[in-house]
>>> print(open('upload.tsv').read())   # TSV, C-alpha atoms
chain	number	residue	atom	x	y	z
N	126	LYS	CA	121.01	104.45	90.07
N	127	THR	CA	122.35	103.54	86.67
N	128	ALA	CA	125.87	104.51	85.59
N	129	GLU	CA	124.26	106.84	83.04
N	130	VAL	CA	122.26	108.68	85.72
N	131	LYS	CA	125.29	108.96	88.01
N	132	LEU	CA	127.38	110.36	85.17
N	133	LEU	CA	124.65	112.87	84.37
N	134	GLU	CA	124.51	114.00	88.01
N	135	GLU	CA	128.27	114.52	88.04
N	136	GLN	CA	128.17	116.57	84.85
N	137	ILE	CA	125.24	118.77	85.83
N	138	LYS	CA	126.00	121.00	88.79
N	139	SER	CA	123.49	123.86	88.86
N	140	LYS	CA	119.86	123.48	89.96
N	141	ASP	CA	118.63	125.23	86.82
N	142	GLU	CA	120.43	122.75	84.59
N	143	LYS	CA	119.07	119.79	86.56
N	144	LYS	CA	115.58	121.25	86.31
N	145	LYS	CA	115.87	121.56	82.53
N	146	VAL	CA	117.09	117.96	82.18
N	147	ILE	CA	114.24	116.68	84.36
N	148	GLU	CA	111.65	118.69	82.42
N	149	LEU	CA	113.04	117.38	79.12
N	150	TYR	CA	112.89	113.78	80.37
N	151	LEU	CA	109.33	114.16	81.68
N	152	ASN	CA	108.07	115.73	78.47
N	153	GLU	CA	109.65	112.98	76.37
N	154	PHE	CA	108.30	110.26	78.64
N	155	TYR	CA	104.76	111.60	78.58
N	156	ASP	CA	104.86	111.99	74.80
N	157	LYS	CA	106.08	108.42	74.27
N	158	ASN	CA	103.71	106.89	76.81
N	159	LYS	CA	100.62	109.04	76.33
N	160	LYS	CA	98.29	106.23	75.26
N	161	ASN	CA	99.38	103.92	78.07
N	162	LEU	CA	99.00	106.66	80.68
N	163	GLU	CA	95.53	107.55	79.40
N	164	LYS	CA	94.58	103.89	79.59
N	165	LYS	CA	95.86	103.67	83.17
N	166	GLU	CA	93.92	106.81	84.05
N	167	LYS	CA	90.66	105.20	82.91
N	168	ILE	CA	91.39	101.98	84.81
N	169	ILE	CA	92.30	103.74	88.08
N	170	LYS	CA	89.27	106.00	87.78
N	171	ARG	CA	86.96	103.05	87.17
N	172	HIS	CA	88.31	101.16	90.17
N	173	TRP	CA	87.92	104.11	92.52
N	174	ARG	CA	84.39	105.00	91.40
N	175	THR	CA	83.11	101.64	92.65
N	176	ILE	CA	83.95	102.58	96.26
N	177	ASN	CA	84.04	106.39	96.29
N	178	ASN	CA	80.59	107.04	97.79
N	179	LYS	CA	80.89	104.33	100.45
N	180	TYR	CA	84.36	105.47	101.41
N	181	GLU	CA	83.38	109.11	101.72
N	182	LYS	CA	80.50	108.25	104.06
N	183	ILE	CA	82.80	106.11	106.20
N	184	ILE	CA	85.41	108.87	106.54
N	185	LEU	CA	82.82	111.50	107.38
N	186	LYS	CA	81.51	109.18	110.07
N	187	LEU	CA	84.94	108.39	111.53
N	188	LEU	CA	85.94	112.04	111.67
N	189	GLU	CA	82.46	113.11	112.81
N	190	LEU	CA	82.07	115.43	109.84
N	191	ASP	CA	78.73	114.03	108.65
N	192	LYS	CA	77.13	117.47	108.39
N	193	ILE	CA	79.85	118.90	106.17
N	194	ILE	CA	79.31	118.98	102.40
N	195	SER	CA	81.61	116.66	100.49
N	196	MET	CA	84.53	118.26	98.71
N	197	LYS	CA	85.99	117.81	95.26
N	198	ALA	CA	89.60	116.72	94.84
N	199	THR	CA	91.63	116.24	91.68
N	200	CYS	CA	93.69	113.10	91.15
N	201	PHE	CA	96.58	113.11	88.66
N	202	ILE	CA	98.07	109.96	87.18
N	203	SER	CA	101.80	110.43	87.54
N	204	ILE	CA	105.16	108.75	86.92
N	205	CYS	CA	106.24	109.99	90.35
N	206	PRO	CA	106.15	107.04	92.79
N	207	ILE	CA	105.93	109.13	96.00
N	208	CYS	CA	102.41	110.44	95.21
N	209	PRO	CA	102.59	114.08	96.42
N	210	ARG	CA	99.51	116.07	97.39
N	211	ASN	CA	98.57	119.75	97.70
N	212	LEU	CA	96.15	120.52	100.52
N	213	LYS	CA	95.43	124.04	99.35
N	214	GLU	CA	94.66	123.08	95.76
N	215	LYS	CA	92.97	119.80	96.81
N	216	ASN	CA	94.94	117.67	94.39
N	217	PHE	CA	97.25	114.69	94.56
N	218	SER	CA	99.00	112.13	92.39
N	219	VAL	CA	98.77	108.38	91.97
N	220	PHE	CA	101.69	106.38	90.56
N	221	TYR	CA	100.66	104.95	87.19
N	222	LYS	CA	102.12	101.51	87.91
N	223	GLN	CA	99.95	100.91	90.96
N	224	ARG	CA	97.43	98.09	90.76
N	225	LYS	CA	93.77	98.26	91.78
N	226	LYS	CA	94.11	97.88	95.57
N	227	GLU	CA	97.27	99.98	95.70
N	228	SER	CA	95.78	102.89	93.75
N	229	ASN	CA	92.59	102.75	95.82
N	230	LEU	CA	94.68	102.86	99.00
N	231	THR	CA	96.66	105.86	97.75
N	232	ILE	CA	93.49	107.73	96.79
N	233	SER	CA	91.79	106.89	100.09
N	234	HIS	CA	94.87	108.05	102.01
N	235	GLU	CA	95.02	111.43	100.30
N	236	ILE	CA	91.28	112.07	100.45
N	237	LEU	CA	91.42	111.26	104.15
N	238	HIS	CA	94.07	113.96	104.56
N	239	PHE	CA	91.79	116.60	103.03
N	240	TYR	CA	88.94	115.76	105.40
N	241	TYR	CA	91.28	115.21	108.35
N	242	PHE	CA	92.72	118.72	108.16
N	243	LEU	CA	89.25	120.14	107.76
N	244	LYS	CA	88.45	118.45	111.07
N	245	TRP	CA	91.75	119.59	112.56
N	246	LYS	CA	90.94	123.24	111.86
N	247	LEU	CA	87.62	122.83	113.66
N	248	VAL	CA	89.36	121.37	116.72
N	249	PHE	CA	92.44	123.63	116.59
N	250	PRO	CA	91.23	126.79	114.79
N	251	LYS	CA	94.41	128.75	115.53
N	252	SER	CA	96.71	126.21	113.86
N	253	ASP	CA	99.23	127.46	111.32
N	254	GLU	CA	98.39	125.71	108.04
N	255	LYS	CA	102.07	125.68	107.10
N	256	LYS	CA	102.47	123.00	109.76
N	257	PHE	CA	100.08	120.71	107.88
N	258	ASN	CA	103.06	119.75	105.74
N	259	GLY	CA	106.29	118.00	106.69
N	260	PRO	CA	108.39	118.04	108.75
N	261	HIS	CA	106.10	119.60	111.37
N	262	LEU	CA	104.66	117.60	114.28
N	263	ILE	CA	101.06	118.24	113.14
N	264	TRP	CA	101.95	116.69	109.78
N	265	HIS	CA	103.52	113.68	111.48
N	266	LEU	CA	100.33	113.07	113.45
N	267	SER	CA	98.25	113.27	110.27
N	268	GLU	CA	100.38	110.59	108.63
N	269	ILE	CA	100.25	108.34	111.69
N	270	LEU	CA	96.49	108.66	112.18
N	271	ALA	CA	95.83	108.14	108.48
N	272	VAL	CA	97.27	104.63	108.86
N	273	VAL	CA	95.33	104.07	112.09
N	274	LEU	CA	92.00	105.12	110.58
N	275	LEU	CA	92.44	103.35	107.25
N	276	ASN	CA	93.16	100.09	109.07
N	277	THR	CA	89.94	100.14	111.07
N	278	LYS	CA	87.16	97.76	110.11
N	279	GLU	CA	84.88	99.88	107.93
N	280	PRO	CA	87.55	101.27	105.56
N	281	GLN	CA	89.14	97.81	105.36
N	282	ASP	CA	85.82	96.24	104.39
N	283	ILE	CA	86.03	98.09	101.08
N	284	LEU	CA	89.77	98.68	100.62
N	285	LYS	CA	90.90	95.15	101.49
N	286	ILE	CA	94.54	96.22	101.75
N	287	LYS	CA	96.34	97.34	104.89
N	288	ALA	CA	97.88	100.80	105.11
N	289	ARG	CA	101.48	100.72	106.31
N	290	GLY	CA	102.67	104.30	106.33
N	291	TYR	CA	106.28	105.38	106.53
N	292	LYS	CA	108.69	102.66	107.65
N	293	GLU	CA	110.33	105.17	110.02
N	294	TYR	CA	107.23	105.01	112.22
N	295	ARG	CA	107.57	101.24	112.43
N	296	ASN	CA	111.22	101.53	113.46
N	297	ILE	CA	110.61	103.83	116.43
N	298	LYS	CA	109.46	102.47	119.79
N	299	LEU	CA	107.13	104.28	122.18
N	300	ASN	CA	106.48	102.27	125.35
N	301	ASN	CA	107.80	99.13	123.61
N	302	MET	CA	105.42	99.60	120.65
N	303	ASP	CA	106.08	101.06	117.24
N	304	VAL	CA	104.49	104.46	116.62
N	305	ILE	CA	101.56	103.13	114.58
N	306	GLU	CA	100.69	100.45	117.12
N	307	PHE	CA	100.96	102.98	119.97
N	308	PHE	CA	98.37	105.28	118.40
N	309	MET	CA	96.21	102.42	117.19
N	310	ARG	CA	95.86	101.26	120.80
N	311	LEU	CA	95.13	104.80	121.91
N	312	TYR	CA	92.42	105.09	119.25
N	313	LYS	CA	90.84	101.78	120.24
N	314	ARG	CA	90.85	102.80	123.89
N	315	PHE	CA	88.96	105.98	123.09
N	316	SER	CA	86.58	104.15	120.75
N	317	TYR	CA	85.59	101.74	123.51
N	318	LYS	CA	84.78	104.69	125.75
N	319	GLU	CA	82.69	106.28	122.98
N	320	ILE	CA	84.61	109.55	123.32
N	321	SER	CA	84.32	112.03	120.45
N	322	PHE	CA	86.91	112.08	117.71
N	323	SER	CA	87.66	115.69	118.62
N	324	ASP	CA	88.65	114.62	122.13
N	325	PHE	CA	90.70	111.76	120.73
N	326	LEU	CA	92.50	114.19	118.42
N	327	ARG	CA	93.38	116.43	121.35
N	328	LYS	CA	94.67	113.45	123.33
N	329	ALA	CA	96.65	112.08	120.38
N	330	TYR	CA	98.33	115.44	119.78
N	331	LEU	CA	99.16	115.73	123.47
N	332	GLU	CA	100.71	112.25	123.44
N	333	LEU	CA	102.76	112.93	120.32
N	334	ARG	CA	104.13	116.14	121.80
N	335	LYS	CA	105.58	114.09	124.67
N	336	TYR	CA	107.74	112.33	122.09
N	337	LYS	CA	108.48	115.40	119.95
N	338	THR	CA	112.26	115.02	120.20
N	339	ILE	CA	112.11	111.45	118.91
N	340	ILE	CA	109.53	112.06	116.19
N	341	MET	CA	111.19	115.19	114.79
N	342	LYS	CA	114.38	113.23	114.14
N	343	ILE	CA	112.60	111.28	111.40
>>> encode(input="upload.tsv", output="structure tokens")
Amino acid sequence: KTAEVKLLEEQIKSKDEKKKVIELYLNEFYDKNKKNLEKKEKIIKRHWRTINNKYEKIILKLLELDKIISMKATCFISICPICPRNLKEKNFSVFYKQRKKESNLTISHEILHFYYFLKWKLVFPKSDEKKFNGPHLIWHLSEILAVVLLNTKEPQDILKIKARGYKEYRNIKLNNMDVIEFFMRLYKRFSYKEISFSDFLRKAYLELRKYKTIIMKI
């Protein structure tokens, strides 16, 4: 943080005041950078359109949702680098400074989430949708498996950039493997046996629950 930002934080105490300052900054930034942001929007959109149809077919196949009609999702170009998403509204953000492969990876990750939770509700129909967001265990599994699925061969053939996920998952060991590697091996084991994705999802959730205490500390 800059000295200016630190000083501002010290001076502004209430949440309402902070909110007003943030809103003022965002409005000024968007006004000053409108043309550049619109240009970036066109570029990111053009890049994604070249792989959208192929990617959607791949995800439907991986999740065994090939009979379900494709959904529409809205992508916003944002100055927020964490790229939030809203499952209910089917929208998400992409950081405007991301390059081609990075923006495609972000979009593919968020679209996967929308389809993934559609599949989840079919497998676990009684699930509380509030737990589809952090810090719940169901949310953790969605983030872990998003990395696992995006790094399989077919998505990688078109994305050409590895998904990494949260660094916290790479810092935790389960059976001498980091979390991502643990579930990647589990996924491969089920793939070799040609077991349905629904059965894999049940097994993956069961495995993660064994390590709930560790995972929920993240």
>>> atom_distance(input="upload.tsv", atom1="CA of Leu185 in chain N", atom2="CA of Phe239 in chain N")
11.2 Å
>>> residues_near_point(input="upload.tsv", point="(95.8, 106.0, 124.0)", cutoff="12 Å", atoms="only C-alpha atoms", output="ChimeraX atom specification")
/N:299-300,304-318,320,324-333
>>> residues_around(input="upload.tsv", residues="Val219 in chain N", least_positions_apart="3", cutoff="9 Å", atoms="only C-alpha atoms", output="list in words")
Ile169, Cys200, Phe201, Ile202, Ser203, Ile204, Cys205, Pro206, Ile207, Cys208, Pro209, Lys222, Gln223, Ser228, Thr231 and Ile232 of chain N
>>> write_last_selection(input="upload.tsv", atoms="C-alpha atoms", output="compact mmCIF listing (two decimals), in the frame of the given file")
# COMPACT_ATOMS: atom_id res chain seq x y z
CA ILE N 169 92.30 103.74 88.08
CA CYS N 200 93.69 113.10 91.15
CA PHE N 201 96.58 113.11 88.66
CA ILE N 202 98.07 109.96 87.18
CA SER N 203 101.80 110.43 87.54
CA ILE N 204 105.16 108.75 86.92
CA CYS N 205 106.24 109.99 90.35
CA PRO N 206 106.15 107.04 92.79
CA ILE N 207 105.93 109.13 96.00
CA CYS N 208 102.41 110.44 95.21
CA PRO N 209 102.59 114.08 96.42
CA LYS N 222 102.12 101.51 87.91
CA GLN N 223 99.95 100.91 90.96
CA SER N 228 95.78 102.89 93.75
CA THR N 231 96.66 105.86 97.75
CA ILE N 232 93.49 107.73 96.79
>>> closest_residue(input="upload.tsv", among="N:Ser252, N:Asn161, N:Ser218, N:Ser233", to="Ile183 in chain N", atoms="only C-alpha atoms")
N:Ser233
>>> atom_distance(input="upload.tsv", atom1="CA of Tyr221 in chain N", atom2="CA of Lys165 in chain N")
6.4 Å
>>> closest_residue(input="upload.tsv", among="N:Glu235, N:Asp141, N:Glu148, N:Glu227", to="Ala271 in chain N", atoms="only C-alpha atoms")
N:Glu235
>>> closest_residue(input="upload.tsv", among="N:Ser267, N:Lys255, N:Tyr291, N:Ile283", to="Asn177 in chain N", atoms="all atoms listed in the file")
N:Ile283
>>> closest_residue(input="upload.tsv", among="N:Asn301, N:Asn276, N:Asn211, N:Gln281", to="Asn258 in chain N", atoms="all atoms listed in the file")
N:Asn211
>>> atom_distance(input="upload.tsv", atom1="CA of Arg295 in chain N", atom2="CA of Trp245 in chain N")
24.2 Å
>>> residues_around(input="upload.tsv", residues="Glu189 in chain N", least_positions_apart="5", cutoff="10 Å", atoms="all atoms listed in the file", output="short mmCIF file (atom, residue, chain, number, x, y, z; two decimals) with C-alpha atoms, keeping the file's coordinate frame")
data_model
loop_
_atom_site.label_atom_id
_atom_site.label_comp_id
_atom_site.auth_asym_id
_atom_site.auth_seq_id
_atom_site.Cartn_x
_atom_site.Cartn_y
_atom_site.Cartn_z
CA ILE N 183 82.80 106.11 106.20
CA ILE N 184 85.41 108.87 106.54
CA LYS N 244 88.45 118.45 111.07
CA SER N 321 84.32 112.03 120.45
CA PHE N 322 86.91 112.08 117.71
CA SER N 323 87.66 115.69 118.62
#
>>> closest_residue(input="upload.tsv", among="N:Glu142, N:Glu166, N:Asp303, N:Glu181", to="Glu279 in chain N", atoms="only C-alpha atoms")
N:Glu181
>>> closest_residue(input="upload.tsv", among="N:Tyr241, N:Glu214, N:Arg174, N:Ile236", to="Leu188 in chain N", atoms="only C-alpha atoms")
N:Tyr241
